[in-house]
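This report concerns only the one structure given below.
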Amino acid sequence: MTWFLDNLSYIRGLAWRHLWLSLIPVVLGFVIALPIGYVAPRWRLGGGALLSFAGVLYTIPSLPLLVIIPSVLGTSFLDSRNVVIVLTLYAVAVMVRSTADAFGSVSPTVVDAARASGYSAWQRVLQVELPLAGPVLLAGVRVVSVSTVSLVTIGPLVGVPNFGSLFIDGFQRDFKTEIVIGVLCVVVLALVLDLLWVLLGRLAMPWLAGRPR
Amino acid sequence: MSVFSEVTSWLTDGAHWQGDDGFPHRIVEHIGYTALTVAIASAIALPLGLWIGHTGRLRGFAVAATGALRALPTLGLVTLMGLWLGIGLTAPTIALVVLAIPPLLAGAYAGLESVDRATIDAARSIGMTEWQVLGKVEIPLALPIIVGGIRSAVLQVVATATIAAYIGLGGLGRYLIDGLAVRDYPQMAAGSVVVVVLALLLDGIFVVLQRVLSTQR
């Protein structure tokens, strides 16, 4: 506890980095996965291949991918963008699947009703399907958010500091407290972000308030 | 020389394919750790998961525990175990077992839950004992999902074993961690390529296995 208080400004700095390194991939992953997840099940020719590709992407171990990505993209090995790109890839891989499930959960009858009452294709997607798919989309974001916050911690191995730096530093100095505090910080940040998604979900989908989830 | 040709020449250099530090030995080590830890984790998680799925007891606990363990940062667990238990095989093995348990547990109880209640009731009504219901009806029907859990556990361990090289574990992670220490990027990238290929191959084997199991029914 004393160590935590003594190093508060250092930990605060790591917290900001950790927050951004997790937040950008989750948001970016969602934005990229949304159209892909919508189109994939409807695209007879390549949809299945697209979904299996997303599955294969997720089976690639994170640290090796983090090492390979700079030589593919030509970025510097210690560039923090590598971490963001790798985590975004994983986020997309998971969320393409959950987005497809989310749009699949919308009752076709409702979509037909919207069509019958004169909604255009865009209106149908934006005003009918998207809001109805919302709860499952939110669930996907929450799953990805937790695993991303945890995955970010391997960043320090490739020179990108965040809460994971406390593990490396603690290990090298034979100081368990630092590692335990690091683990707690990661768990707390994961919970805080999760709460943020739930609140955003409440704001975006006020009609769900009070309904059992 | 470009990065690609450097990595390729590292991979194709005959000297890197022999001895204790060569790819064959490291690959065997990596598969050995994976088999060992998944076997230990299965011995713990599969009976527990089958019991939870069969009786329906402790289900809430299992869901919460698997979720919480998933949030646990692997590097944190690995370094903590390393300090607690010192250098050797014990610390990384325990860390890898802990990380392999959630997917195995989830596969086992979710597999049993996916079995149609009417089928189980039918098995009971023709006089099967609880053990027969579990062994002859539930497990065979749930097998593809249980194997799916084993598949996730294997991939989790293959990935985390590379990180566990940080606290001294052998296997393919050595190329990444040793390469990092001396800033030898071609070595790191070559090791990474081999890990990725290994992971994809193992995943492919499980895909085939799951397909065979679900068509046999």
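Just remember, in the structure tokens the first chain shown is A, the second B, etc., residues are 1-based per chain, and ligands are 1-based in the order shown.
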Kindly provide the residues of chain A that approach chain B to within 8 Å, each paired with its closest atom pair and their distance in Å to one decimal, based on only C-alpha atoms, listed by chain and increasing number, as JSON lines.
```
{"residue": "A:Val56", "atom": "CA", "partner": "B:Leu200", "partner_atom": "CA", "distance": 7.4}
{"residue": "A:Thr59", "atom": "CA", "partner": "B:Leu155", "partner_atom": "CA", "distance": 6.7}
{"residue": "A:Ile60", "atom": "CA", "partner": "B:Val196", "partner_atom": "CA", "distance": 5.7}
{"residue": "A:Pro61", "atom": "CA", "partner": "B:Ala159", "partner_atom": "CA", "distance": 4.6}
{"residue": "A:Ser62", "atom": "CA", "partner": "B:Ala159", "partner_atom": "CA", "distance": 6.8}
{"residue": "A:Leu63", "atom": "CA", "partner": "B:Ile163", "partner_atom": "CA", "distance": 7.1}
{"residue": "A:Pro64", "atom": "CA", "partner": "B:Ser192", "partner_atom": "CA", "distance": 4.3}
{"residue": "A:Leu65", "atom": "CA", "partner": "B:Ser192", "partner_atom": "CA", "distance": 7.0}
{"residue": "A:Val67", "atom": "CA", "partner": "B:Ala189", "partner_atom": "CA", "distance": 5.9}
{"residue": "A:Ile68", "atom": "CA", "partner": "B:Ala189", "partner_atom": "CA", "distance": 5.6}
{"residue": "A:Ser71", "atom": "CA", "partner": "B:Val3", "partner_atom": "CA", "distance": 6.3}
{"residue": "A:Val146", "atom": "CA", "partner": "B:Ala71", "partner_atom": "CA", "distance": 5.8}
{"residue": "A:Ser147", "atom": "CA", "partner": "B:Ala71", "partner_atom": "CA", "distance": 5.9}
{"residue": "A:Val149", "atom": "CA", "partner": "B:Ala71", "partner_atom": "CA", "distance": 7.8}
{"residue": "A:Ser150", "atom": "CA", "partner": "B:Pro73", "partner_atom": "CA", "distance": 4.7}
{"residue": "A:Leu151", "atom": "CA", "partner": "B:Pro73", "partner_atom": "CA", "distance": 6.6}
{"residue": "A:Thr153", "atom": "CA", "partner": "B:Pro73", "partner_atom": "CA", "distance": 6.6}
{"residue": "A:Ile154", "atom": "CA", "partner": "B:Leu75", "partner_atom": "CA", "distance": 6.5}
{"residue": "A:Gly164", "atom": "CA", "partner": "B:Gly76", "partner_atom": "CA", "distance": 7.2}
{"residue": "A:Phe167", "atom": "CA", "partner": "B:Gly76", "partner_atom": "CA", "distance": 5.5}
{"residue": "A:Ile168", "atom": "CA", "partner": "B:Thr79", "partner_atom": "CA", "distance": 7.4}
{"residue": "A:Phe171", "atom": "CA", "partner": "B:Thr79", "partner_atom": "CA", "distance": 5.8}
{"residue": "A:Asp174", "atom": "CA", "partner": "B:Leu83", "partner_atom": "CA", "distance": 6.4}
{"residue": "A:Phe175", "atom": "CA", "partner": "B:Leu83", "partner_atom": "CA", "distance": 8.0}
{"residue": "A:Lys176", "atom": "CA", "partner": "B:Leu80", "partner_atom": "CA", "distance": 6.4}
{"residue": "A:Ile179", "atom": "CA", "partner": "B:Gly76", "partner_atom": "CA", "distance": 6.2}
{"residue": "A:Val180", "atom": "CA", "partner": "B:Leu80", "partner_atom": "CA", "distance": 7.6}
{"residue": "A:Gly182", "atom": "CA", "partner": "B:Gly76", "partner_atom": "CA", "distance": 7.3}
{"residue": "A:Val183", "atom": "CA", "partner": "B:Gly76", "partner_atom": "CA", "distance": 6.1}
{"residue": "A:Val186", "atom": "CA", "partner": "B:Pro73", "partner_atom": "CA", "distance": 7.4}
{"residue": "A:Val187", "atom": "CA", "partner": "B:Ala71", "partner_atom": "CA", "distance": 6.7}
{"residue": "A:Ala190", "atom": "CA", "partner": "B:Ala71", "partner_atom": "CA", "distance": 7.5}
```
Could you save those same residues with C-alpha atoms as a PDB file, in the first residue's frame?
```pdb
ATOM      1  CA  VAL A  56      -8.133 -18.196 -37.669  1.00  0.00           C
ATOM      2  CA  THR A  59      -5.907 -18.402 -32.951  1.00  0.00           C
ATOM      3  CA  ILE A  60      -2.619 -16.591 -33.682  1.00  0.00           C
ATOM      4  CA  PRO A  61      -0.739 -16.165 -30.373  1.00  0.00           C
ATOM      5  CA  SER A  62      -0.421 -12.528 -29.314  1.00  0.00           C
ATOM      6  CA  LEU A  63       3.281 -12.123 -28.516  1.00  0.00           C
ATOM      7  CA  PRO A  64       4.476 -13.719 -31.783  1.00  0.00           C
ATOM      8  CA  LEU A  65       1.991 -11.627 -33.771  1.00  0.00           C
ATOM      9  CA  VAL A  67       6.808  -9.455 -33.100  1.00  0.00           C
ATOM     10  CA  ILE A  68       5.849 -10.201 -36.707  1.00  0.00           C
ATOM     11  CA  SER A  71       8.159  -6.441 -40.432  1.00  0.00           C
ATOM     12  CA  VAL A 146     -12.079  -7.213 -20.773  1.00  0.00           C
ATOM     13  CA  SER A 147      -9.726  -9.366 -22.838  1.00  0.00           C
ATOM     14  CA  VAL A 149      -7.321  -4.659 -21.139  1.00  0.00           C
ATOM     15  CA  SER A 150      -5.663  -7.908 -20.071  1.00  0.00           C
ATOM     16  CA  LEU A 151      -3.794  -8.445 -23.384  1.00  0.00           C
ATOM     17  CA  THR A 153      -0.038  -6.017 -20.513  1.00  0.00           C
ATOM     18  CA  ILE A 154       2.366  -7.870 -22.839  1.00  0.00           C
ATOM     19  CA  GLY A 164       2.289  -4.578 -17.580  1.00  0.00           C
ATOM     20  CA  PHE A 167       5.019  -7.065 -13.829  1.00  0.00           C
ATOM     21  CA  ILE A 168       8.370  -6.777 -15.594  1.00  0.00           C
ATOM     22  CA  PHE A 171       9.888  -9.545 -11.497  1.00  0.00           C
ATOM     23  CA  ASP A 174      12.063  -9.626  -6.974  1.00  0.00           C
ATOM     24  CA  PHE A 175       9.225  -7.480  -5.587  1.00  0.00           C
ATOM     25  CA  LYS A 176       5.882  -9.324  -5.479  1.00  0.00           C
ATOM     26  CA  ILE A 179       3.110  -7.397  -9.503  1.00  0.00           C
ATOM     27  CA  VAL A 180       0.057  -7.853  -7.272  1.00  0.00           C
ATOM     28  CA  GLY A 182      -0.282  -4.388 -11.298  1.00  0.00           C
ATOM     29  CA  VAL A 183      -2.787  -7.267 -11.498  1.00  0.00           C
ATOM     30  CA  VAL A 186      -5.605  -4.254 -14.605  1.00  0.00           C
ATOM     31  CA  VAL A 187      -8.705  -5.827 -13.040  1.00  0.00           C
ATOM     32  CA  ALA A 190     -11.281  -3.708 -16.848  1.00  0.00           C
TER      33      ALA A 190
END
```
Mind checking which residues fall within 8 Å of Thr37 of chain B, counting only C-alpha atoms, ignoring those fewer than 6 positions away in the same chain, and posting them as a PyMOL selection string?
chain B and resi 93-94+96-97+100+157
What is the distance between atom CA of Tyr38 of chain A and atom CA of Ala91 of chain A, in Å to one decimal?
15.7 Å
Could you pull the residues within 6 Å of Gly37 of chain A, counting only C-alpha atoms, minus those fewer than 5 positions along the same chain, as a compact mmCIF listing (two decimals) with C-alpha atoms, in the first residue's frame?
```
# COMPACT_ATOMS: atom_id res chain seq x y z
CA VAL A 96 -17.20 -9.83 -36.48
CA THR A 99 -21.90 -8.65 -34.68
CA ALA A 100 -23.11 -11.35 -37.06
```
Could you tell me how far atom CA of Leu157 of chain A lies from atom CA of Pro102 of chain B, in Å and to one decimal?
25.2 Å
Write out, as JSON lines, each residue of segment 45-89 of chain B that has an atom at most 10 Å from segment 116-140 of chain B, together with the closest pair of atoms and their distance in Å to one decimal, counting only C-alpha atoms, rows going by chain and rising number.
```
{"residue": "B:Leu50", "atom": "CA", "partner": "B:Ile139", "partner_atom": "CA", "distance": 8.3}
{"residue": "B:Trp51", "atom": "CA", "partner": "B:Leu134", "partner_atom": "CA", "distance": 9.3}
{"residue": "B:Gly53", "atom": "CA", "partner": "B:Glu138", "partner_atom": "CA", "distance": 9.4}
{"residue": "B:His54", "atom": "CA", "partner": "B:Leu134", "partner_atom": "CA", "distance": 7.2}
```
Shell of 8 Å around Ala108 of chain B, only C-alpha atoms, local chain residues under 5 positions omitted, as a PDB file with N, CA and C atoms, in the first residue's frame:
```
ATOM      1  N   LEU B  46     -12.200 -31.106 -16.246  1.00  0.00           N
ATOM      2  CA  LEU B  46     -13.237 -31.884 -16.925  1.00  0.00           C
ATOM      3  C   LEU B  46     -14.187 -32.585 -15.939  1.00  0.00           C
ATOM      4  N   GLY B  49     -16.316 -29.879 -14.428  1.00  0.00           N
ATOM      5  CA  GLY B  49     -17.256 -29.323 -15.399  1.00  0.00           C
ATOM      6  C   GLY B  49     -18.384 -30.292 -15.717  1.00  0.00           C
ATOM      7  N   LEU B  50     -18.053 -31.589 -15.801  1.00  0.00           N
ATOM      8  CA  LEU B  50     -19.086 -32.594 -16.076  1.00  0.00           C
ATOM      9  C   LEU B  50     -20.058 -32.672 -14.899  1.00  0.00           C
ATOM     10  N   GLY B  53     -22.243 -29.615 -15.064  1.00  0.00           N
ATOM     11  CA  GLY B  53     -23.208 -29.737 -16.150  1.00  0.00           C
ATOM     12  C   GLY B  53     -24.264 -30.785 -15.882  1.00  0.00           C
ATOM     13  N   ALA B 142     -22.260 -34.500 -25.956  1.00  0.00           N
ATOM     14  CA  ALA B 142     -21.601 -33.211 -25.689  1.00  0.00           C
ATOM     15  C   ALA B 142     -20.174 -33.180 -26.222  1.00  0.00           C
ATOM     16  N   ILE B 145     -18.503 -30.256 -28.214  1.00  0.00           N
ATOM     17  CA  ILE B 145     -18.307 -29.009 -27.459  1.00  0.00           C
ATOM     18  C   ILE B 145     -17.200 -29.180 -26.422  1.00  0.00           C
ATOM     19  N   ILE B 146     -17.127 -30.383 -25.802  1.00  0.00           N
ATOM     20  CA  ILE B 146     -16.049 -30.636 -24.842  1.00  0.00           C
ATOM     21  C   ILE B 146     -14.701 -30.547 -25.555  1.00  0.00           C
ATOM     22  N   GLY B 149     -13.657 -27.093 -26.067  1.00  0.00           N
ATOM     23  CA  GLY B 149     -13.026 -26.526 -24.876  1.00  0.00           C
ATOM     24  C   GLY B 149     -11.556 -26.898 -24.810  1.00  0.00           C
TER      25      GLY B 149
END
```
Choose the residue, out of A:Leu203, A:Leu137, A:Arg142, A:Asn162, that has the smallest atom-to-atom separation from Val31 of chain A; count only C-alpha atoms.
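Result for the nearest residue to Val31 of chain A: A:Leu137.
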To one decimal place, how far is atom CA of Gln210 of chain B from atom CA of Ile150 of chain B in Å?
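Between these atoms lies a distance of 10.6 Å.
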Just list the residues in segment 37-205 of chain B DSSP gives alpha helix (DSSP H) on the backbone, as a PyMOL selection string.
chain B and resi 37-55+59-71+74-85+90-113+117-125+130-132+139-164+173-181+185-205
Shell of 12 Å around Asp13 of chain B, only C-alpha atoms, local chain residues under 4 positions omitted, as JSON, numbers by chain:
{"B": [5, 6, 7, 8, 9, 17, 18, 22, 23, 186, 187, 190]}
Please produce a file of those selected residues containing N, CA and C atoms, as a PDB file, in the first residue's frame.
```
ATOM      1  N   SER B   5      14.079 -11.204 -45.813  1.00  0.00           N
ATOM      2  CA  SER B   5      15.123 -12.163 -46.186  1.00  0.00           C
ATOM      3  C   SER B   5      15.970 -12.527 -44.970  1.00  0.00           C
ATOM      4  N   GLU B   6      16.147 -11.571 -44.027  1.00  0.00           N
ATOM      5  CA  GLU B   6      16.882 -11.892 -42.799  1.00  0.00           C
ATOM      6  C   GLU B   6      16.176 -12.978 -42.010  1.00  0.00           C
ATOM      7  N   VAL B   7      14.834 -12.825 -41.893  1.00  0.00           N
ATOM      8  CA  VAL B   7      14.048 -13.806 -41.139  1.00  0.00           C
ATOM      9  C   VAL B   7      14.081 -15.156 -41.858  1.00  0.00           C
ATOM     10  N   THR B   8      13.954 -15.105 -43.193  1.00  0.00           N
ATOM     11  CA  THR B   8      13.970 -16.349 -43.964  1.00  0.00           C
ATOM     12  C   THR B   8      15.303 -17.056 -43.818  1.00  0.00           C
ATOM     13  N   SER B   9      16.405 -16.297 -43.870  1.00  0.00           N
ATOM     14  CA  SER B   9      17.707 -16.952 -43.771  1.00  0.00           C
ATOM     15  C   SER B   9      17.916 -17.502 -42.364  1.00  0.00           C
ATOM     16  N   TRP B  17      18.585 -25.695 -36.909  1.00  0.00           N
ATOM     17  CA  TRP B  17      17.696 -26.870 -36.940  1.00  0.00           C
ATOM     18  C   TRP B  17      18.305 -28.069 -36.236  1.00  0.00           C
ATOM     19  N   GLN B  18      19.366 -27.843 -35.420  1.00  0.00           N
ATOM     20  CA  GLN B  18      19.937 -28.960 -34.688  1.00  0.00           C
ATOM     21  C   GLN B  18      20.365 -28.524 -33.300  1.00  0.00           C
ATOM     22  N   GLY B  22      17.983 -25.804 -31.220  1.00  0.00           N
ATOM     23  CA  GLY B  22      17.443 -25.850 -32.571  1.00  0.00           C
ATOM     24  C   GLY B  22      15.927 -25.968 -32.570  1.00  0.00           C
ATOM     25  N   PHE B  23      15.340 -25.683 -33.724  1.00  0.00           N
ATOM     26  CA  PHE B  23      13.876 -25.700 -33.827  1.00  0.00           C
ATOM     27  C   PHE B  23      13.242 -27.048 -33.441  1.00  0.00           C
ATOM     28  N   PRO B 186      15.668 -10.732 -36.238  1.00  0.00           N
ATOM     29  CA  PRO B 186      15.402 -11.906 -37.083  1.00  0.00           C
ATOM     30  C   PRO B 186      15.126 -13.176 -36.266  1.00  0.00           C
ATOM     31  N   GLN B 187      15.874 -13.373 -35.169  1.00  0.00           N
ATOM     32  CA  GLN B 187      15.638 -14.544 -34.331  1.00  0.00           C
ATOM     33  C   GLN B 187      14.221 -14.516 -33.739  1.00  0.00           C
ATOM     34  N   ALA B 190      11.681 -15.145 -36.502  1.00  0.00           N
ATOM     35  CA  ALA B 190      11.702 -16.537 -36.949  1.00  0.00           C
ATOM     36  C   ALA B 190      10.988 -17.430 -35.935  1.00  0.00           C
TER      37      ALA B 190
END
```
Leaving out Arg97 of chain A and any residue of its chain fewer than 6 positions from it, which residues lie within 10 Å of it when counting only C-alpha atoms, given as an mmCIF file with C-alpha atoms, in the first residue's frame?
```cif
data_model
loop_
_atom_site.group_PDB
_atom_site.id
_atom_site.type_symbol
_atom_site.label_atom_id
_atom_site.label_comp_id
_atom_site.auth_asym_id
_atom_site.auth_seq_id
_atom_site.Cartn_x
_atom_site.Cartn_y
_atom_site.Cartn_z
ATOM 1 C CA ALA A 33 -16.403 -5.175 -37.305
ATOM 2 C CA LEU A 34 -19.883 -3.611 -37.492
ATOM 3 C CA ILE A 36 -18.264 -6.729 -41.801
ATOM 4 C CA GLY A 37 -20.437 -8.573 -39.283
ATOM 5 C CA TYR A 38 -23.564 -7.182 -40.949
ATOM 6 C CA ALA A 40 -20.827 -11.495 -43.876
ATOM 7 C CA PRO A 41 -23.925 -13.667 -43.214
ATOM 8 C CA LEU A 50 -14.677 -14.217 -43.997
ATOM 9 C CA LEU A 51 -16.025 -15.590 -40.712
ATOM 10 C CA SER A 52 -13.552 -18.497 -40.702
ATOM 11 C CA ALA A 54 -11.729 -14.083 -38.407
ATOM 12 C CA GLY A 55 -11.609 -17.310 -36.387
ATOM 13 C CA GLY A 140 -19.656 -8.377 -27.661
#
```
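Checking A:Phe103, A:Phe53, A:Phe30, A:Tyr119 one by one against Val144 of chain A, counting only C-alpha atoms, you find the shortest gap at A:Phe30.
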